[in-house]
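Asks: This is the content of structure_4.pdb (PDB, C-alpha atoms, pLDDT in the B column):
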```
ATOM      1  CA  MET A  16     -27.664 -29.447 -16.089  1.00 73.00           C
ATOM      2  CA  LYS A  17     -24.998 -28.256 -18.509  1.00 73.00           C
ATOM      3  CA  ARG A  18     -27.213 -25.325 -19.482  1.00 77.00           C
ATOM      4  CA  VAL A  19     -27.644 -24.266 -15.841  1.00 69.00           C
ATOM      5  CA  ILE A  20     -23.886 -24.300 -15.282  1.00 72.00           C
ATOM      6  CA  THR A  21     -23.376 -22.234 -18.443  1.00 73.00           C
ATOM      7  CA  ILE A  22     -25.893 -19.643 -17.237  1.00 73.00           C
ATOM      8  CA  ILE A  23     -24.240 -19.444 -13.798  1.00 68.00           C
ATOM      9  CA  PHE A  24     -20.793 -18.921 -15.322  1.00 61.00           C
ATOM     10  CA  ARG A  25     -22.159 -16.293 -17.698  1.00 69.00           C
ATOM     11  CA  TRP A  26     -23.669 -14.288 -14.811  1.00 61.00           C
ATOM     12  CA  ALA A  27     -20.471 -14.663 -12.783  1.00 57.00           C
ATOM     13  CA  LEU A  28     -18.470 -13.302 -15.712  1.00 53.00           C
ATOM     14  CA  ILE A  29     -20.818 -10.331 -16.064  1.00 64.00           C
ATOM     15  CA  ALA A  30     -20.570  -9.592 -12.324  1.00 51.00           C
ATOM     16  CA  ASP A  31     -16.756  -9.782 -12.487  1.00 57.00           C
ATOM     17  CA  MET A  32     -16.716  -7.345 -15.385  1.00 57.00           C
ATOM     18  CA  PHE A  33     -18.701  -4.794 -13.370  1.00 52.00           C
ATOM     19  CA  ILE A  34     -16.538  -5.197 -10.289  1.00 57.00           C
ATOM     20  CA  LEU A  35     -13.251  -4.985 -12.193  1.00 50.00           C
ATOM     21  CA  SER A  36     -14.345  -1.931 -14.150  1.00 53.00           C
ATOM     22  CA  ALA A  37     -15.386  -0.163 -10.932  1.00 49.00           C
ATOM     23  CA  VAL A  38     -12.012  -0.919  -9.337  1.00 49.00           C
ATOM     24  CA  PHE A  39     -10.186   0.175 -12.478  1.00 48.00           C
ATOM     25  CA  LEU A  40     -12.082   3.469 -12.582  1.00 49.00           C
ATOM     26  CA  LYS A  41     -11.427   4.092  -8.886  1.00 53.00           C
ATOM     27  CA  LEU A  42      -7.680   3.514  -9.208  1.00 51.00           C
ATOM     28  CA  PHE A  43      -6.965   4.862 -12.670  1.00 52.00           C
ATOM     29  CA  ALA A  44      -9.706   7.391 -13.378  1.00 52.00           C
ATOM     30  CA  ASN A  45      -7.185   9.935 -14.590  1.00 49.00           C
ATOM     31  CA  PRO A  46      -3.696   8.494 -15.021  1.00 48.00           C
ATOM     32  CA  PHE A  47      -2.306  11.868 -16.099  1.00 48.00           C
ATOM     33  CA  ALA A  48      -3.390  13.718 -12.970  1.00 48.00           C
ATOM     34  CA  ASN A  49      -0.859  14.962 -10.453  1.00 47.00           C
ATOM     35  CA  PRO A  50      -1.261  12.669  -7.410  1.00 45.00           C
ATOM     36  CA  PHE A  51      -0.865  15.609  -5.026  1.00 46.00           C
ATOM     37  CA  SER A  52      -3.434  17.882  -6.696  1.00 43.00           C
ATOM     38  CA  THR A  53      -6.018  15.192  -7.474  1.00 41.00           C
ATOM     39  CA  PRO A  54      -6.309  12.920  -4.456  1.00 42.00           C
ATOM     40  CA  VAL A  55      -8.226   9.656  -4.623  1.00 46.00           C
ATOM     41  CA  VAL A  56      -9.348  10.109  -1.023  1.00 43.00           C
ATOM     42  CA  SER A  57     -11.632  12.728   0.458  1.00 42.00           C
ATOM     43  CA  ALA A  58     -10.368  15.980   1.943  1.00 42.00           C
ATOM     44  CA  SER A  59     -11.144  14.774   5.482  1.00 46.00           C
ATOM     45  CA  GLU A  60      -9.021  11.648   4.933  1.00 46.00           C
ATOM     46  CA  LEU A  61      -6.139  13.738   3.607  1.00 47.00           C
ATOM     47  CA  GLN A  62      -6.132  15.541   6.952  1.00 52.00           C
ATOM     48  CA  THR A  63      -5.173  12.220   8.594  1.00 62.00           C
ATOM     49  CA  ILE A  64      -1.886  11.933   6.705  1.00 75.00           C
ATOM     50  CA  GLY A  65       0.792  12.867   9.213  1.00 84.00           C
ATOM     51  CA  PRO A  66       3.651  15.269   8.520  1.00 87.00           C
ATOM     52  CA  ALA A  67       6.292  12.523   8.310  1.00 89.00           C
ATOM     53  CA  ALA A  68       4.186  10.569   5.791  1.00 88.00           C
ATOM     54  CA  LYS A  69       3.688  13.728   3.718  1.00 87.00           C
ATOM     55  CA  ASP A  70       7.445  14.357   3.726  1.00 88.00           C
ATOM     56  CA  LEU A  71       8.068  10.743   2.680  1.00 89.00           C
ATOM     57  CA  MET A  72       5.620  11.106  -0.220  1.00 88.00           C
ATOM     58  CA  ILE A  73       7.428  14.257  -1.354  1.00 88.00           C
ATOM     59  CA  LYS A  74      10.727  12.332  -1.320  1.00 90.00           C
ATOM     60  CA  MET A  75       9.061   9.555  -3.340  1.00 89.00           C
ATOM     61  CA  GLU A  76       7.920  12.098  -5.903  1.00 88.00           C
ATOM     62  CA  MET A  77      11.419  13.595  -6.116  1.00 89.00           C
ATOM     63  CA  VAL A  78      12.956  10.203  -7.031  1.00 89.00           C
ATOM     64  CA  GLY A  79      10.261   9.470  -9.613  1.00 88.00           C
ATOM     65  CA  LEU A  80       8.158   6.880  -7.764  1.00 89.00           C
ATOM     66  CA  SER A  81       4.923   8.854  -8.440  1.00 86.00           C
ATOM     67  CA  PRO A  82       3.150   8.163  -5.127  1.00 88.00           C
ATOM     68  CA  ARG A  83      -0.616   8.285  -5.000  1.00 87.00           C
ATOM     69  CA  ASP A  84      -2.557   8.019  -1.762  1.00 87.00           C
ATOM     70  CA  ILE A  85      -5.335   5.439  -2.058  1.00 86.00           C
ATOM     71  CA  GLY A  86      -6.726   5.696   1.460  1.00 84.00           C
ATOM     72  CA  GLN A  87      -6.571   4.724   5.080  1.00 86.00           C
ATOM     73  CA  ILE A  88      -5.892   1.119   6.090  1.00 86.00           C
ATOM     74  CA  THR A  89      -5.607  -0.864   9.288  1.00 85.00           C
ATOM     75  CA  ARG A  90      -3.344  -3.820   9.921  1.00 81.00           C
ATOM     76  CA  PRO A  91      -3.754  -6.102  12.924  1.00 80.00           C
ATOM     77  CA  SER A  92       0.015  -6.067  13.488  1.00 76.00           C
ATOM     78  CA  PHE A  93       0.152  -2.276  13.923  1.00 82.00           C
ATOM     79  CA  THR A  94      -1.542  -0.077  16.528  1.00 86.00           C
ATOM     80  CA  ALA A  95      -1.534   2.959  14.212  1.00 86.00           C
ATOM     81  CA  ASN A  96      -3.734   3.344  11.152  1.00 84.00           C
ATOM     82  CA  GLY A  97      -1.813   3.567   7.921  1.00 88.00           C
ATOM     83  CA  ARG A  98      -2.080   4.779   4.361  1.00 90.00           C
ATOM     84  CA  MET A  99      -2.027   2.687   1.200  1.00 90.00           C
ATOM     85  CA  ILE A 100       0.193   4.343  -1.408  1.00 90.00           C
ATOM     86  CA  THR A 101       0.552   3.243  -5.024  1.00 88.00           C
ATOM     87  CA  LEU A 102       4.044   3.473  -6.510  1.00 86.00           C
ATOM     88  CA  LYS A 103       4.704   2.580 -10.140  1.00 78.00           C
ATOM     89  CA  LYS A 104       1.776   0.135 -10.297  1.00 81.00           C
ATOM     90  CA  ASP A 105       2.768  -1.383  -6.938  1.00 87.00           C
ATOM     91  CA  ASN A 106       1.617  -0.700  -3.380  1.00 89.00           C
ATOM     92  CA  MET A 107       3.280   0.320  -0.142  1.00 91.00           C
ATOM     93  CA  GLN A 108       1.745   0.755   3.281  1.00 91.00           C
ATOM     94  CA  ILE A 109       2.927   3.617   5.508  1.00 92.00           C
ATOM     95  CA  PHE A 110       2.158   3.812   9.230  1.00 91.00           C
ATOM     96  CA  GLU A 111       2.925   6.923  11.282  1.00 91.00           C
ATOM     97  CA  TYR A 112       3.337   6.768  15.055  1.00 91.00           C
ATOM     98  CA  ALA A 113       3.518   9.380  17.790  1.00 89.00           C
ATOM     99  CA  ASP A 114       7.031   8.288  18.795  1.00 90.00           C
ATOM    100  CA  PRO A 115       9.972   6.504  17.126  1.00 92.00           C
ATOM    101  CA  ASP A 116      10.240   3.787  19.804  1.00 92.00           C
ATOM    102  CA  THR A 117       6.737   2.461  19.108  1.00 91.00           C
ATOM    103  CA  ALA A 118       7.392   2.512  15.360  1.00 90.00           C
ATOM    104  CA  THR A 119      10.649   0.589  15.761  1.00 91.00           C
ATOM    105  CA  ASN A 120       9.119  -1.954  18.160  1.00 91.00           C
ATOM    106  CA  GLU A 121       6.136  -2.704  15.926  1.00 88.00           C
ATOM    107  CA  ALA A 122       8.262  -2.947  12.773  1.00 88.00           C
ATOM    108  CA  SER A 123      10.645  -5.329  14.566  1.00 88.00           C
ATOM    109  CA  ALA A 124       7.778  -7.455  15.865  1.00 86.00           C
ATOM    110  CA  LEU A 125       6.252  -7.752  12.387  1.00 81.00           C
ATOM    111  CA  THR A 126       9.601  -8.628  10.815  1.00 81.00           C
ATOM    112  CA  LEU A 127      10.248 -11.289  13.452  1.00 79.00           C
ATOM    113  CA  LYS A 128       6.745 -12.718  13.061  1.00 76.00           C
ATOM    114  CA  TYR A 129       7.145 -13.260   9.316  1.00 72.00           C
ATOM    115  CA  LYS A 130      10.793 -14.293   9.526  1.00 71.00           C
ATOM    116  CA  ASN A 131       9.815 -17.209  11.788  1.00 69.00           C
ATOM    117  CA  SER A 132       6.708 -18.164   9.803  1.00 66.00           C
ATOM    118  CA  SER A 133       6.369 -21.133   7.499  1.00 62.00           C
ATOM    119  CA  ARG A 134       5.975 -18.892   4.432  1.00 59.00           C
ATOM    120  CA  SER A 135       7.992 -19.638   1.313  1.00 56.00           C
ATOM    121  CA  PRO A 136      11.518 -18.170   1.030  1.00 59.00           C
ATOM    122  CA  LEU A 137      10.468 -16.192  -2.073  1.00 56.00           C
ATOM    123  CA  TRP A 138       7.600 -14.596  -0.144  1.00 54.00           C
ATOM    124  CA  LYS A 139       9.943 -13.670   2.715  1.00 55.00           C
ATOM    125  CA  LYS A 140      12.434 -12.192   0.248  1.00 63.00           C
ATOM    126  CA  GLN A 141       9.747  -9.880  -1.145  1.00 77.00           C
ATOM    127  CA  MET A 142       8.677  -8.539   2.274  1.00 82.00           C
ATOM    128  CA  HIS A 143      10.300  -5.247   3.261  1.00 86.00           C
ATOM    129  CA  VAL A 144       9.592  -3.574   6.602  1.00 88.00           C
ATOM    130  CA  ARG A 145      11.534  -0.524   7.712  1.00 89.00           C
ATOM    131  CA  ALA A 146      11.106   1.907  10.559  1.00 91.00           C
ATOM    132  CA  ASN A 147      12.498   5.399  10.138  1.00 91.00           C
ATOM    133  CA  GLY A 148      11.711   7.833  12.915  1.00 91.00           C
ATOM    134  CA  THR A 149       7.961   7.765  13.479  1.00 91.00           C
ATOM    135  CA  LEU A 150       7.244   5.958  10.196  1.00 92.00           C
ATOM    136  CA  VAL A 151       6.982   2.273   9.343  1.00 91.00           C
ATOM    137  CA  MET A 152       7.082   1.334   5.653  1.00 91.00           C
ATOM    138  CA  PHE A 153       5.687  -2.064   4.653  1.00 89.00           C
ATOM    139  CA  TYR A 154       6.233  -3.263   1.072  1.00 90.00           C
ATOM    140  CA  MET A 155       5.627  -6.668  -0.486  1.00 86.00           C
ATOM    141  CA  GLY A 156       7.429  -6.716  -3.808  1.00 86.00           C
ATOM    142  CA  ASP A 157      10.704  -6.732  -5.647  1.00 85.00           C
ATOM    143  CA  GLN A 158      10.822  -3.531  -7.709  1.00 88.00           C
ATOM    144  CA  SER A 159      14.409  -2.414  -7.209  1.00 89.00           C
ATOM    145  CA  SER A 160      13.587   1.313  -7.261  1.00 91.00           C
ATOM    146  CA  ILE A 161      11.110   0.872  -4.384  1.00 91.00           C
ATOM    147  CA  VAL A 162      13.370  -1.502  -2.422  1.00 90.00           C
ATOM    148  CA  ASP A 163      16.279   0.952  -2.812  1.00 91.00           C
ATOM    149  CA  PHE A 164      14.085   3.851  -1.696  1.00 91.00           C
ATOM    150  CA  ILE A 165      13.024   1.969   1.443  1.00 90.00           C
ATOM    151  CA  ALA A 166      16.635   1.089   2.261  1.00 89.00           C
ATOM    152  CA  GLN A 167      17.719   4.726   1.945  1.00 89.00           C
ATOM    153  CA  ASN A 168      14.823   6.317   3.843  1.00 84.00           C
TER     154      ASN A 168
END
```
Translate the structure of the given file into structure tokens.

Replies:
Amino acid sequence: MKRVITIIFRWALIADMFILSAVFLKLFANPFANPFSTPVVSASELQTIGPAAKDLMIKMEMVGLSPRDIGQITRPSFTANGRMITLKKDNMQIFEYADPDTATNEASALTLKYKNSSRSPLWKKQMHVRANGTLVMFYMGDQSSIVDFIAQN
């Protein structure tokens, strides 16, 4: 019985190594590449990044956050599809709407939902949601440079 368990754990470890290496290669294939000239996503997906999100990414680059578009995401709380952006080994989600009112309403609803949840105070402290014009920025973390950027934009 002990031998069977050892074999199962060995195969699980091998499978994890393959999965982790594939994820690592996908995210960090060329860490020295310019994130705007070497996108991780396909050209057709880059077409779906709205003008406000592109402008926000340019501002991120100007303050040294080194944004890199990972791809399109959906979140049940938002009616618009978003983009997952990496920033200094952390992630931010950006959602672009057709009008500012919808962006503000959905950001407010998400903030209220999590504010009234039974989540831990530390978790709530690390959640940052901000609407600015047609954009909603969603960040779970505590890197001061990212938190400051969200507060100013």

Asks: Could you tell me which residues the PyMOL selection byres ((chain A and resi 67) around 10) grabs in this file, written as a list of chain:residue names?

Replies: A:Ile64, A:Gly65, A:Pro66, A:Ala68, A:Lys69, A:Asp70, A:Leu71, A:Met72, A:Ile73, A:Ile109, A:Phe110, A:Glu111, A:Tyr112, A:Asn147, A:Gly148, A:Thr149, A:Leu150

Asks: Can you tell me how far atom CA of Glu121 of chain A sits from atom CA of Val144 of chain A, in Å to one decimal?

Replies: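 So the answer is 10.0 Å.
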
Asks: Go through A:Leu80, A:Met152, A:Ile20, A:Met99 and flag the residue nearest Thr126 of chain A, using all atoms listed in the file for the distances.

Replies: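 Closest residue, counting all atoms listed in the file: A:Met152.
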
Asks: Give the answer as one residue: which of A:Leu102, A:Ile165, A:Ala118, A:Ala124 has the shortest atom-to-atom distance to Pro82 of chain A, using all atoms listed in the file?

Replies: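 Among A:Leu102, A:Ile165, A:Ala118, A:Ala124, it is A:Leu102 that comes nearest to Pro82 of chain A.
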
Asks: Considering all atoms listed in the file, can you say which of A:Val78, A:Val151, A:Ile161, A:Met16 comes closest to Ala95 of chain A?

Replies: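 For Ala95 of chain A, the nearest of the given residues is A:Val151.
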